[in-house]
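Remarks on the structure that follows.
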Amino acid sequence: MTRWNPVHWFKPKAAPAEAANDACKNWGEYKGTGIWWICPDCDAPHEVTDQAFFDEVQNACADISESTRKMYDDFYFNSDGGRWDIDPDNGLFIKTAPDGRKASGRYAVVGSWNEKTHSWLWSWEMDESWMPRAAIEHAQYLLDAGREKEWEITSARHLLVNAHETWHLTNLAAKIAGFQGTYRAKVNDLNHHYFIIDRLAWDPLQ
């Protein structure tokens, strides 16, 4: 079974930026569906209604879902045995197959999602003291694209999304970065981190 194995990355599990706050009182009209961004001026959630944005999400999901399936098959993500690791200081994802072979490639953290509050925090808003910049570099292509296209979601620190929409955001980040796959890991009782992974390659046999 693949397992989480951080390499001197996360600080205590209840990191301040991800503490499970009762945000329900701030949800406004959010009822658990759609993608909503928290306005930095009024602190209220607003639903994303930009059809051009959703068209890009749909195209990304079609491409990245297929390439992610291929990555999972080729590198034994769904097999018993094996493991995965990260080297955040160098931005590398390492997959070890059940037979001991290792593959590696670039990765980036896109965001963190709290399953209780539905709050999404972008990786580029995380404190550099516990999220190395090498671990988010390629996710920031989405931030750059958002600025160019004037997407409110990438300029907002927090979003409100359900589990389904977290994958849409991650697929979009992968597509824009030119990466092959996506992955999710639960990092404490309530929070999940979402990764994009570049094309993995088997390390040379020793």
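Within each chain, counting starts at residue 1; across the structure tokens, chains are named A, B, ... in the order shown, with ligands numbered 1 upward in that order.
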
Helix (DSSP H, G or I) positions in segment 67-127 of chain A, given as a list in words: Ser67, Thr68, Arg69, Lys70, Met71, Tyr72, Asp73, Asp74, Ser123, Trp124 and Glu125 of chain A

His46 of chain A environment, 12 Å, only C-alpha atoms, sequence neighbours closer than 5 positions dropped, as a list of chain:residue names: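 The neighbour list is A:Asn26, A:Trp27, A:Gly28, A:Glu29, A:Tyr30, A:Lys31, A:Gly34, A:Ile35, A:Trp36, A:Trp37, A:Ile38, A:Cys39, A:Pro40, A:Asp41, A:Glu152, A:Ile153, A:Ala156, A:His158, A:Leu159, A:Leu160, A:Val161.
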
Backbone DSSP call of strand (DSSP E) for segment 21-125 of chain A, listed as a PyMOL selection string: chain A and resi 36-38+45-47+83-87+92-96+102-114+119-122

Given only C-alpha atoms as the counted atoms, nearest of A:Ser65, A:Glu125, A:Arg83, A:Trp151 to Ala52 of chain A: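 Under the stated criterion, the closest residue is A:Trp151.
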
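Compared by their closest atoms to Asn188 of chain A, and using only C-alpha atoms, the residues A:Asn162, A:Asn114, A:Gln140, A:Ser155 rank with A:Asn114 nearest.
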
Nearest to Gly111 of chain A by atom-to-atom distance, counting only C-alpha atoms, from A:Ala177, A:Ile197, A:Ala97, A:Leu169: A:Leu169

Neighbour list for Asp73 of chain A as a PyMOL selection string, cut-off 12 Å, only C-alpha atoms, skip fewer than 5 positions in-chain: chain A and resi 66-68+78-79+97+181+200

Nearest to Tyr141 of chain A by atom-to-atom distance, counting only C-alpha atoms, from A:Thr182, A:Gln58, A:Ser123, A:Ser129: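 Nearest candidate to Tyr141 of chain A out of A:Thr182, A:Gln58, A:Ser123, A:Ser129: A:Ser123.
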
Surrounding residues of Thr96 of chain A excluding itself and chain neighbours under 6 positions, 9 Å, only C-alpha atoms, as number ranges by chain: A: 2, 75-76, 81-85, 102-104

Take the residues that were just selected and, keeping all heavy atoms, output them as a short mmCIF file (atom, residue, chain, number, x, y, z; two decimals), in the first residue's frame.
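This is the output file part31.cif:
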data_model
loop_
_atom_site.label_atom_id
_atom_site.label_comp_id
_atom_site.auth_asym_id
_atom_site.auth_seq_id
_atom_site.Cartn_x
_atom_site.Cartn_y
_atom_site.Cartn_z
N THR A 2 0.61 2.16 -0.89
CA THR A 2 1.35 3.40 -0.94
C THR A 2 1.11 4.19 0.34
O THR A 2 0.01 4.23 0.85
CB THR A 2 0.89 4.24 -2.14
OG1 THR A 2 1.00 3.44 -3.31
CG2 THR A 2 1.73 5.47 -2.29
N PHE A 75 3.15 3.09 -13.19
CA PHE A 75 4.05 3.17 -12.05
C PHE A 75 3.44 2.56 -10.78
O PHE A 75 3.87 2.87 -9.67
CB PHE A 75 4.49 4.62 -11.83
CG PHE A 75 5.30 5.15 -12.98
CD1 PHE A 75 4.69 5.90 -13.99
CD2 PHE A 75 6.65 4.87 -13.09
CE1 PHE A 75 5.43 6.37 -15.07
CE2 PHE A 75 7.39 5.34 -14.16
CZ PHE A 75 6.78 6.08 -15.17
N TYR A 76 2.44 1.71 -10.94
CA TYR A 76 1.92 0.85 -9.86
C TYR A 76 1.35 1.63 -8.67
O TYR A 76 1.48 1.21 -7.52
CB TYR A 76 3.03 -0.10 -9.37
CG TYR A 76 3.61 -0.94 -10.47
CD1 TYR A 76 4.78 -0.57 -11.13
CD2 TYR A 76 2.97 -2.11 -10.89
CE1 TYR A 76 5.31 -1.34 -12.16
CE2 TYR A 76 3.49 -2.89 -11.92
CZ TYR A 76 4.65 -2.49 -12.55
OH TYR A 76 5.16 -3.24 -13.57
N GLY A 81 1.75 -2.99 -1.94
CA GLY A 81 3.20 -2.88 -1.81
C GLY A 81 3.70 -1.61 -2.46
O GLY A 81 2.96 -0.86 -3.10
N GLY A 82 4.98 -1.35 -2.31
CA GLY A 82 5.54 -0.12 -2.84
C GLY A 82 5.25 1.06 -1.93
O GLY A 82 4.60 0.94 -0.88
N ARG A 83 5.72 2.21 -2.34
CA ARG A 83 5.54 3.41 -1.53
C ARG A 83 5.80 4.64 -2.38
O ARG A 83 6.25 4.53 -3.53
CB ARG A 83 6.48 3.41 -0.32
CG ARG A 83 7.95 3.33 -0.71
CD ARG A 83 8.86 3.22 0.48
NE ARG A 83 8.99 4.49 1.17
CZ ARG A 83 9.57 4.62 2.39
NH1 ARG A 83 9.98 3.55 3.03
NH2 ARG A 83 9.68 5.80 2.94
N TRP A 84 5.54 5.79 -1.81
CA TRP A 84 5.93 7.02 -2.47
C TRP A 84 6.51 7.97 -1.44
O TRP A 84 6.19 7.89 -0.25
CB TRP A 84 4.74 7.66 -3.21
CG TRP A 84 3.61 8.13 -2.32
CD1 TRP A 84 2.59 7.39 -1.85
CD2 TRP A 84 3.42 9.44 -1.81
NE1 TRP A 84 1.75 8.16 -1.09
CE2 TRP A 84 2.24 9.43 -1.06
CE3 TRP A 84 4.13 10.64 -1.95
CZ2 TRP A 84 1.75 10.56 -0.41
CZ3 TRP A 84 3.64 11.78 -1.31
CH2 TRP A 84 2.46 11.72 -0.55
N ASP A 85 7.39 8.82 -1.89
CA ASP A 85 8.07 9.78 -1.04
C ASP A 85 8.18 11.10 -1.79
O ASP A 85 8.01 11.15 -3.02
CB ASP A 85 9.49 9.30 -0.68
CG ASP A 85 9.51 7.93 -0.04
OD1 ASP A 85 9.41 7.85 1.19
OD2 ASP A 85 9.62 6.94 -0.79
N LYS A 102 12.57 2.26 -8.63
CA LYS A 102 12.20 3.63 -8.27
C LYS A 102 12.04 4.48 -9.53
O LYS A 102 12.81 4.35 -10.48
CB LYS A 102 13.26 4.26 -7.36
CG LYS A 102 13.36 3.64 -5.98
CD LYS A 102 14.40 4.36 -5.15
CE LYS A 102 14.55 3.73 -3.76
NZ LYS A 102 13.34 3.92 -2.94
N ALA A 103 11.04 5.33 -9.50
CA ALA A 103 10.83 6.31 -10.56
C ALA A 103 10.72 7.68 -9.89
O ALA A 103 10.27 7.80 -8.74
CB ALA A 103 9.56 6.01 -11.34
N SER A 104 11.13 8.71 -10.59
CA SER A 104 11.07 10.05 -10.00
C SER A 104 10.71 11.07 -11.07
O SER A 104 10.86 10.84 -12.27
CB SER A 104 12.41 10.42 -9.36
OG SER A 104 13.46 10.38 -10.32
#
